[in-house]
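Reviewing the structure listed below.
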Amino acid sequence: MKKDEIKSELEKLSRDELNILARKMKIRGYRKLNTLKLTSIILETVDLPKLQSAINITWWDRNFNHVYGALAVIGIVLTIVLWWYPSPKSNNVPSVVMEKLDKIALENFDPKDREIRLEKLVKEYKELNALLEKYPFSNTLVKKAKTSLNNGEFETVEFYLRELDATSKETQALAAYSLGKLKEIQLDYKTAKQEYERAVTLQPRNTTYLISFGSLLRSLGKYMGAKEQYEKALDIAKIEYGDQDTSVANIYNELGAVWADLGYYQKAAELLNNTFSIYKLVYGEQHDKTASIYNDLGVVYHYLGNYDNAIEMVKKSIEIRNTIYDTQSNKDIALSYNNLGEMYNTLGKYREADSLLQISLIIMKDLYGLEHINVATTLMNQAELYSNTGNNSKADSLFRLSLEMLKKILGSSHPDVATVLNNMGLFYKNQGKYREADSLYKQALKIREDFYESEHPTLAPTLTNIGELYRVQGKYPEAEPYHKRALAIREKALGPDHLETAYSLNNLGLLYLSQKKYDEAEPFLQRSLSIRKEAFGSNHLSVGIALNNLAGLYRETGRYAEAEPLLRQSLQILKEHFGLNHRVVALALSNLAKTCTFLGKYEEADTLFKQALEIQQRKLPQNHSDFAITLSGMAKLYTLQGSYSKAEPLFKQALEIKEKAFGPEHPEIAPILEDYAILLRKTGRESKANEIEGRAKRIRDKQTQMNLAKQKLP
């Protein structure tokens, strides 16, 4: 059966039958959804073959609740009976240790963040405890260290371990590694790094030491160092355990993740596929570890622009976990729905994205309640979706709800709070609310600077956003240091050929292009394009955007014949990525139309402008600043064709939109005024033309003076 036929069959079902089907498909929260929404979710989230076989409602389906109720009564009776029997001794962490770990979390993080912070602290404690249990020799100091650890006396543990370190050379590496674990528990990452480094120096072929050192380096944003440790561990593990051992698969997985951190997604995909092959061989298809790799591969394929494969992989992950778990209330299933929603959002498939994010949110609330980090993150993703669809009021309320929730849970100075502040800043910037955006960006930067080292790559996105905010306002000298600092951080932390480095190169190129520093702009834009092509090939979205930006420089410098093929290639890529009705496609059509205008291809230019305007009218709120780009371009085209009566109202409308969005003295208004003055002269209105031209000159002069004044500052 085809999708339309299945949809028709679904519409014939009663609401009770639809509920039964939703239960069979393990769709959480189906009773809260209206019939239309539930039908849509079933169609979008369930594989068609599986849906086709499930659509026939059986006697068992109809009477499931009655049978289940009877079994539940039996279960209660058994529970009461079994309650009287003693249970095996618990393997829980000693209460005194839990109190100490809890105190560490409370002193370093918001009290309501105990669940997440304690999870990592407990894991580190258990690893250290197991390590002391397995020491390969009997030693009084080891026993004392273990006793102190189980009493929560971490400072005493350190004393015994350092004494142990001094007893013989044989024990130095093990003691150093143990101290590294201890320091991670105490959140002293600087000392932990030193101890792990000492351990791997003393025993360079110990894979456990190498992996732990790599994991710490990765958490500190030192990705190249992490990669080096993982690669050493992988080479050793292959020799010791063989190519198909799960320990080798786990290292492939860690190494794939760090290659993704570094922006080399093709390499990450190769390594994750190695993990997948081993997991499938050892665990089989229907296993949580296999499902996890399906999800991770989907995310990597998404970054590579392989959207069909990405969606297929994440759907497979959800399907496996729905099969192996009795309930859909599983955090990994919820995160996969969230990932799938973000993928559809990127593709401009907003209705599908909305349904998937709603499912993720329902599961998260069911698992964690109304106030939890994962709930807040999903709300933020929904806010970004509504921002993309132009529903700014709903986006704004969701951003604020997410922000307040995270502040309450984590405190106001947590990096996750900075993420929401950063994304809210971008949301306000896109609306032309620059003052609000500036404040939010600066708050985000302050939090990240206080939390991370000064050269941590996490700082770069916010620095970039501040630089872009100043660029679009024409504050070029203020923008430059932010973009340069972001580029320096990325080149040092990630390397000169990393994708994030390419984005910073692009931003500096656009800044110099805005200042008409064409000779400085071109090498930055070309290098950015080259890195993206090397990473993704020639047909990726990121390449399409870079082509468009470089073509903009060629058009600005009168190299229209060079600009045209780049713009056509860019437009084709963007259409394949977003479809024919997306804001970004409309901008690409306008850019190509402007170039066709300069090349004298007036008829094609007119067609392209009208296509762009039609998309904008359908997809954007009235008076969005994008309209001014298309309208001013059309006005210039009609002026060149001598259609002055058609051109003039378009110039006026474009100016009104720009002034409302950016203010009357924004640098982007000057070129529209200059083109309008040409029309006025051609229609014999010399005085009015001089007035408009004078206004454009004052804007440019003011901008030049501001730039010079900024450059003279110490």
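Quick note on naming: the chains in the structure tokens go A, B, ... in the order shown, residues restart at 1 in each chain, and ligands are numbered from 1 in order of appearance.
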
With only C-alpha atoms as the counted atoms, please give the residues lying no more than 6 Å from range 255-265 of chain A, apart from itself and same-chain residues fewer than 6 positions off, as a tab-separated table (two decimals) with N, CA and C atoms, in the first residue's frame.
chain	number	residue	atom	x	y	z
A	230	TYR	N	43.36	8.57	21.88
A	230	TYR	CA	42.47	7.53	21.38
A	230	TYR	C	43.14	6.70	20.28
A	271	LEU	N	34.68	5.77	11.15
A	271	LEU	CA	34.99	5.15	12.45
A	271	LEU	C	33.72	4.62	13.12
A	272	LEU	N	32.63	5.38	13.04
A	272	LEU	CA	31.38	4.92	13.63
A	272	LEU	C	30.84	3.69	12.90
A	494	LEU	N	41.34	23.92	16.82
A	494	LEU	CA	40.76	22.96	15.87
A	494	LEU	C	41.61	22.74	14.62
A	498	HIS	N	39.80	23.31	9.66
A	498	HIS	CA	38.56	22.86	10.29
A	498	HIS	C	37.38	23.66	9.75
A	499	LEU	N	36.19	23.03	9.76
A	499	LEU	CA	35.00	23.71	9.26
A	499	LEU	C	34.67	24.96	10.05

Please list as a list in words every residue within 9 Å of Lys636 in chain A, counting only C-alpha atoms and excluding residues in the same chain fewer than 5 positions away.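 Everything that qualifies: Lys594, Thr597, Leu631, Gln641, Ala647, Phe651, Ile672, Asp675, Tyr676 and Leu679 of chain A.
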
Just to confirm, what's the straight-line distance from CA of Glu480 in chain A to CA of Ala588 in chain A in Å (one decimal)? 26.2 Å

Report the distance between CA of Pro204 in chain A and CA of Gln229 in chain A in Å, rounded to one decimal place.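 Here the two named atoms are 9.7 Å from each other.
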
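Reported to one decimal place, the separation of CA of Leu216 in chain A from CA of Ile447 in chain A is 21.3 Å.
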
Extract, using only C-alpha atoms, all DNA, RNA and protein residues at most 10 Å from Lys183 in chain A, discarding same-chain residues fewer than 3 positions from it, and format them as a list in words. Glu124, Phe154, Glu155, Glu158, Tyr177, Ser178, Leu179, Gly180, Gln186, Leu187, Asp188, Tyr189, Lys190, Thr191, Ala192, Lys193, Gln194 and Glu195 of chain A

Write the residues of the selection above to a file with all heavy atoms, as a short mmCIF file (atom, residue, chain, number, x, y, z; two decimals), in the first residue's frame.
data_model
loop_
_atom_site.label_atom_id
_atom_site.label_comp_id
_atom_site.auth_asym_id
_atom_site.auth_seq_id
_atom_site.Cartn_x
_atom_site.Cartn_y
_atom_site.Cartn_z
N GLU A 124 32.74 8.09 38.54
CA GLU A 124 34.18 8.21 38.80
C GLU A 124 34.55 7.50 40.11
O GLU A 124 35.58 6.83 40.20
CB GLU A 124 34.59 9.69 38.87
CG GLU A 124 34.37 10.48 37.59
CD GLU A 124 35.24 10.00 36.45
OE1 GLU A 124 36.21 9.26 36.70
OE2 GLU A 124 34.95 10.36 35.30
N PHE A 154 38.39 11.91 50.94
CA PHE A 154 39.13 11.98 49.68
C PHE A 154 40.53 12.57 49.85
O PHE A 154 41.48 12.17 49.17
CB PHE A 154 38.34 12.79 48.66
CG PHE A 154 37.01 12.17 48.31
CD1 PHE A 154 35.91 12.96 48.00
CD2 PHE A 154 36.84 10.80 48.31
CE1 PHE A 154 34.69 12.39 47.70
CE2 PHE A 154 35.62 10.21 48.01
CZ PHE A 154 34.54 11.02 47.70
N GLU A 155 40.69 13.52 50.76
CA GLU A 155 42.01 14.11 50.98
C GLU A 155 42.98 13.06 51.54
O GLU A 155 44.17 13.03 51.18
CB GLU A 155 41.92 15.31 51.93
CG GLU A 155 41.18 16.51 51.36
CD GLU A 155 39.67 16.32 51.37
OE1 GLU A 155 39.19 15.34 51.99
OE2 GLU A 155 38.96 17.14 50.74
N GLU A 158 44.17 10.74 48.83
CA GLU A 158 45.27 11.34 48.06
C GLU A 158 46.60 11.15 48.79
O GLU A 158 47.62 10.82 48.17
CB GLU A 158 45.01 12.83 47.83
CG GLU A 158 46.11 13.50 47.03
CD GLU A 158 45.81 14.95 46.70
OE1 GLU A 158 44.72 15.45 47.05
OE2 GLU A 158 46.69 15.59 46.08
N TYR A 177 47.35 7.24 37.86
CA TYR A 177 46.02 7.08 37.26
C TYR A 177 44.93 7.18 38.32
O TYR A 177 43.90 7.83 38.12
CB TYR A 177 45.94 5.74 36.54
CG TYR A 177 44.60 5.46 35.93
CD1 TYR A 177 44.14 6.20 34.84
CD2 TYR A 177 43.77 4.47 36.44
CE1 TYR A 177 42.89 5.95 34.28
CE2 TYR A 177 42.54 4.21 35.89
CZ TYR A 177 42.10 4.95 34.81
OH TYR A 177 40.87 4.71 34.27
N SER A 178 45.16 6.53 39.47
CA SER A 178 44.19 6.59 40.57
C SER A 178 44.00 8.02 41.05
O SER A 178 42.88 8.46 41.34
CB SER A 178 44.65 5.71 41.73
OG SER A 178 44.84 4.37 41.31
N LEU A 179 45.10 8.76 41.14
CA LEU A 179 45.02 10.18 41.54
C LEU A 179 44.25 10.99 40.51
O LEU A 179 43.50 11.91 40.86
CB LEU A 179 46.43 10.74 41.73
CG LEU A 179 47.11 10.36 43.05
CD1 LEU A 179 48.62 10.62 42.96
CD2 LEU A 179 46.50 11.14 44.21
N GLY A 180 44.44 10.66 39.23
CA GLY A 180 43.68 11.35 38.19
C GLY A 180 42.19 11.15 38.37
O GLY A 180 41.40 12.10 38.27
N GLN A 186 36.95 15.29 42.51
CA GLN A 186 37.04 16.56 43.23
C GLN A 186 36.94 17.78 42.30
O GLN A 186 37.06 18.91 42.76
CB GLN A 186 38.36 16.61 44.00
CG GLN A 186 38.45 15.56 45.11
CD GLN A 186 39.82 15.54 45.78
OE1 GLN A 186 40.83 15.24 45.15
NE2 GLN A 186 39.84 15.87 47.06
N LEU A 187 36.70 17.51 41.00
CA LEU A 187 36.54 18.56 39.98
C LEU A 187 37.80 19.39 39.78
O LEU A 187 37.74 20.52 39.28
CB LEU A 187 35.35 19.49 40.33
CG LEU A 187 34.02 18.82 40.64
CD1 LEU A 187 32.95 19.85 40.92
CD2 LEU A 187 33.59 17.90 39.51
N ASP A 188 38.94 18.81 40.16
CA ASP A 188 40.23 19.49 39.96
C ASP A 188 40.82 18.96 38.65
O ASP A 188 41.68 18.09 38.63
CB ASP A 188 41.16 19.19 41.14
CG ASP A 188 42.51 19.90 41.02
OD1 ASP A 188 42.74 20.59 40.00
OD2 ASP A 188 43.34 19.73 41.94
N TYR A 189 40.32 19.51 37.52
CA TYR A 189 40.68 18.95 36.22
C TYR A 189 42.13 19.25 35.83
O TYR A 189 42.74 18.46 35.10
CB TYR A 189 39.72 19.49 35.15
CG TYR A 189 38.28 19.13 35.42
CD1 TYR A 189 37.30 20.11 35.51
CD2 TYR A 189 37.90 17.81 35.62
CE1 TYR A 189 35.98 19.77 35.79
CE2 TYR A 189 36.59 17.46 35.89
CZ TYR A 189 35.63 18.45 35.98
OH TYR A 189 34.33 18.12 36.24
N LYS A 190 42.65 20.33 36.30
CA LYS A 190 44.04 20.66 35.99
C LYS A 190 44.98 19.60 36.55
O LYS A 190 45.87 19.09 35.85
CB LYS A 190 44.40 22.04 36.54
CG LYS A 190 45.82 22.48 36.21
CD LYS A 190 46.10 23.88 36.75
CE LYS A 190 47.52 24.31 36.43
NZ LYS A 190 47.83 25.66 36.97
N THR A 191 44.79 19.24 37.84
CA THR A 191 45.63 18.21 38.46
C THR A 191 45.33 16.84 37.86
O THR A 191 46.24 16.02 37.66
CB THR A 191 45.42 18.18 39.98
OG1 THR A 191 45.61 19.49 40.51
CG2 THR A 191 46.40 17.22 40.65
N ALA A 192 44.05 16.59 37.56
CA ALA A 192 43.69 15.31 36.93
C ALA A 192 44.43 15.13 35.62
O ALA A 192 44.96 14.05 35.32
CB ALA A 192 42.18 15.26 36.69
N LYS A 193 44.50 16.20 34.84
CA LYS A 193 45.21 16.15 33.55
C LYS A 193 46.69 15.82 33.77
O LYS A 193 47.28 14.99 33.06
CB LYS A 193 45.05 17.48 32.83
CG LYS A 193 45.83 17.59 31.51
CD LYS A 193 45.53 18.93 30.85
CE LYS A 193 46.38 19.14 29.62
NZ LYS A 193 47.80 19.32 29.90
N GLN A 194 47.29 16.46 34.77
CA GLN A 194 48.71 16.21 35.05
C GLN A 194 48.95 14.76 35.46
O GLN A 194 49.92 14.13 35.03
CB GLN A 194 49.18 17.15 36.16
CG GLN A 194 49.20 18.62 35.76
CD GLN A 194 49.43 19.56 36.94
OE1 GLN A 194 49.41 19.14 38.10
NE2 GLN A 194 49.63 20.84 36.64
N GLU A 195 48.05 14.21 36.29
CA GLU A 195 48.23 12.83 36.77
C GLU A 195 48.01 11.82 35.64
O GLU A 195 48.76 10.85 35.51
CB GLU A 195 47.28 12.54 37.93
CG GLU A 195 47.55 13.37 39.18
CD GLU A 195 48.93 13.12 39.79
OE1 GLU A 195 49.55 12.07 39.48
OE2 GLU A 195 49.40 13.96 40.57
#

Tell me which protein, DNA and RNA residues are within 12 Å of Lys365 in chain A, counting only C-alpha atoms, leaving out same-chain ones fewer than 3 positions away, and put them as a list in words. Arg28, Gly29, Ser329, Asn330, Lys331, Ala334, Gln358, Ile359, Ser360, Leu361, Ile362, Tyr368, Gly369, Leu370, Glu371, His372, Ile373, Asn374, Val375, Ala376, Thr377, Thr378 and Leu379 of chain A
